Amino acid sequence: MNIQHSASFDASPFDVTLAFADTRIGENQRWSTWPATMPTERGPSPRPDWVVTSAAAVDTELGILKTGKEADVFLLERAIPGAEPGPGTRTLLAAKRYRDAEHRSFQRSSVYTEGRRTRRTRDARALAKKTAHGREVAAAEWSFAEFAALSRMHELGAPVPYPVQVDGTEILMEFIGDDRTAAPRLAQVRADAEQLADLYEQIVEIMHVFAAVGLAHGDLSPYNLLVHHGRVRVIDLPQIVDTVANPQGFDLLHRDCVNVCEWFARRAVPCDPEQLFAELLATSFG
């Protein structure tokens with residue numbers, strides 16, 4: 001995939017390092033999009049030291065990590081050409097790109113978006129009429145919703161990938177894995193009884209972090225939970241729901257409980273979805 005780029009751009013006033021105009025970049029590369037983002041489109045502070053913020057950096061696409069019905073995730077390296085490898089000069093990122101109006105489907109989106117507000121009246125009208133502009137707005141709304149959810153959960157201490165930035169329909173976030181190999185999903189993990197019990201307890205703790213602020217993942221399953229060095233990381237948060245504002249919020253929370261418990265129960269881990277649901281409700285109203 002060839003990423004279109006330009007060697008001429010206006011750097012953000014918040015960046016003091018400018019890319020040299022004569023620096024050449026190649027196929028599957030672009031100038032770092034960090035300078036084009038606003039402070040509100042960047043991850044929460046304190047920012048990890050591995051985040052590359054120099055406008056001299058180049059983004060190199062290294063391949064695809066995951067394809068989905070609504071978005072694809074690519075592996076991206078952001079690095080300052082010629083700089084010594086180290087914090088702030090070179091890092092791997094996961095680039096999640098929501099599909100455009102012609103290739104993306106939002107059949108289930110209304111279940112999750114009840115209770116949400118669209119930022120602009122014109123955009124709200126376009127969404128309601130399902131115009132081409134409305135479909136583009138929908139894609140961007142989901143990327144910004146996921147970025148906001150990642151930012152909030154990171155600040156609350158939930159084990160989510162650090163959200164580096166959001167730019168239109170693309171979110172750049174921390175790559176969870178080793179070298180260029182992504183961490184496996186829970187569904188792919190082979191573990192003994194003790195390890196499985198520990199993974200279950202970690203997931204329950206994550207669900208309580210969400211519930212404590214009145215939220216539910218909304219689509220939790222073994223396919224959007226990563227296991228990296230024995231630790232669970234939760235991903236895919238565009239549909240995160242407010243369990244009170246969304247009329248179906250508690251139904252979605254209950255479904256999360258059922259999805260998680262059914263998977264672990266099939267592996268002989270003692271768990272009760274109804275008890276877990278009751279505990280999460282108590283946390284929500286605690």
# chains A, B, ... in the order shown; residues from 1 in each chain; ligands from 1

call {"tool": "residues_around", "arguments": {"residues": "Pro87 in chain A", "least_positions_apart": "3", "cutoff": "12 Å", "atoms": "only C-alpha atoms", "output": "JSON, numbers by chain"}}
result
{"A": [47, 48, 49, 50, 51, 52, 53, 54, 78, 79, 80, 83, 84, 90, 91, 92]}

call {"tool": "select_by_dssp", "arguments": {"residues": "range 76-285 of chain A", "states": "alpha helix (DSSP H)", "output": "number ranges by chain"}}
result
A: 109-113, 121-129, 132-155, 193-212, 249-265, 273-284

call {"tool": "atom_distance", "arguments": {"atom1": "CA of Glu201 in chain A", "atom2": "CA of Gly230 in chain A"}}
result
12.1 Å

call {"tool": "residues_around", "arguments": {"residues": "Cys271 in chain A", "least_positions_apart": "5", "cutoff": "10 Å", "atoms": "only C-alpha atoms", "output": "PyMOL selection string"}}
result
chain A and resi 197+200+257-258+260-265+276

call {"tool": "residues_around", "arguments": {"residues": "Ala158 in chain A", "least_positions_apart": "5", "cutoff": "7 Å", "atoms": "only C-alpha atoms", "output": "PDB file with all heavy atoms, in the first residue's frame"}}
result
ATOM      1  N   MET A 153      -9.647   5.176  29.608  1.00  0.00           N
ATOM      2  CA  MET A 153      -9.327   3.948  30.315  1.00  0.00           C
ATOM      3  C   MET A 153      -7.848   3.888  30.687  1.00  0.00           C
ATOM      4  O   MET A 153      -7.483   3.356  31.741  1.00  0.00           O
ATOM      5  CB  MET A 153      -9.735   2.737  29.486  1.00  0.00           C
ATOM      6  CG  MET A 153     -11.234   2.661  29.162  1.00  0.00           C
ATOM      7  SD  MET A 153     -12.347   3.142  30.525  1.00  0.00           S
ATOM      8  CE  MET A 153     -12.022   1.858  31.731  1.00  0.00           C
ATOM      9  N   ILE A 206     -10.531  -5.936  35.095  1.00  0.00           N
ATOM     10  CA  ILE A 206     -10.693  -4.939  34.029  1.00  0.00           C
ATOM     11  C   ILE A 206     -12.156  -4.522  33.921  1.00  0.00           C
ATOM     12  O   ILE A 206     -12.476  -3.331  33.809  1.00  0.00           O
ATOM     13  CB  ILE A 206     -10.196  -5.496  32.688  1.00  0.00           C
ATOM     14  CG1 ILE A 206      -8.683  -5.695  32.712  1.00  0.00           C
ATOM     15  CG2 ILE A 206     -10.586  -4.566  31.530  1.00  0.00           C
ATOM     16  CD1 ILE A 206      -8.144  -6.481  31.535  1.00  0.00           C
ATOM     17  N   VAL A 209     -13.040  -2.089  36.541  1.00  0.00           N
ATOM     18  CA  VAL A 209     -12.536  -0.741  36.272  1.00  0.00           C
ATOM     19  C   VAL A 209     -13.518   0.000  35.373  1.00  0.00           C
ATOM     20  O   VAL A 209     -13.845   1.172  35.608  1.00  0.00           O
ATOM     21  CB  VAL A 209     -11.137  -0.792  35.620  1.00  0.00           C
ATOM     22  CG1 VAL A 209     -10.696   0.606  35.182  1.00  0.00           C
ATOM     23  CG2 VAL A 209     -10.114  -1.387  36.581  1.00  0.00           C
TER      24      VAL A 209
END
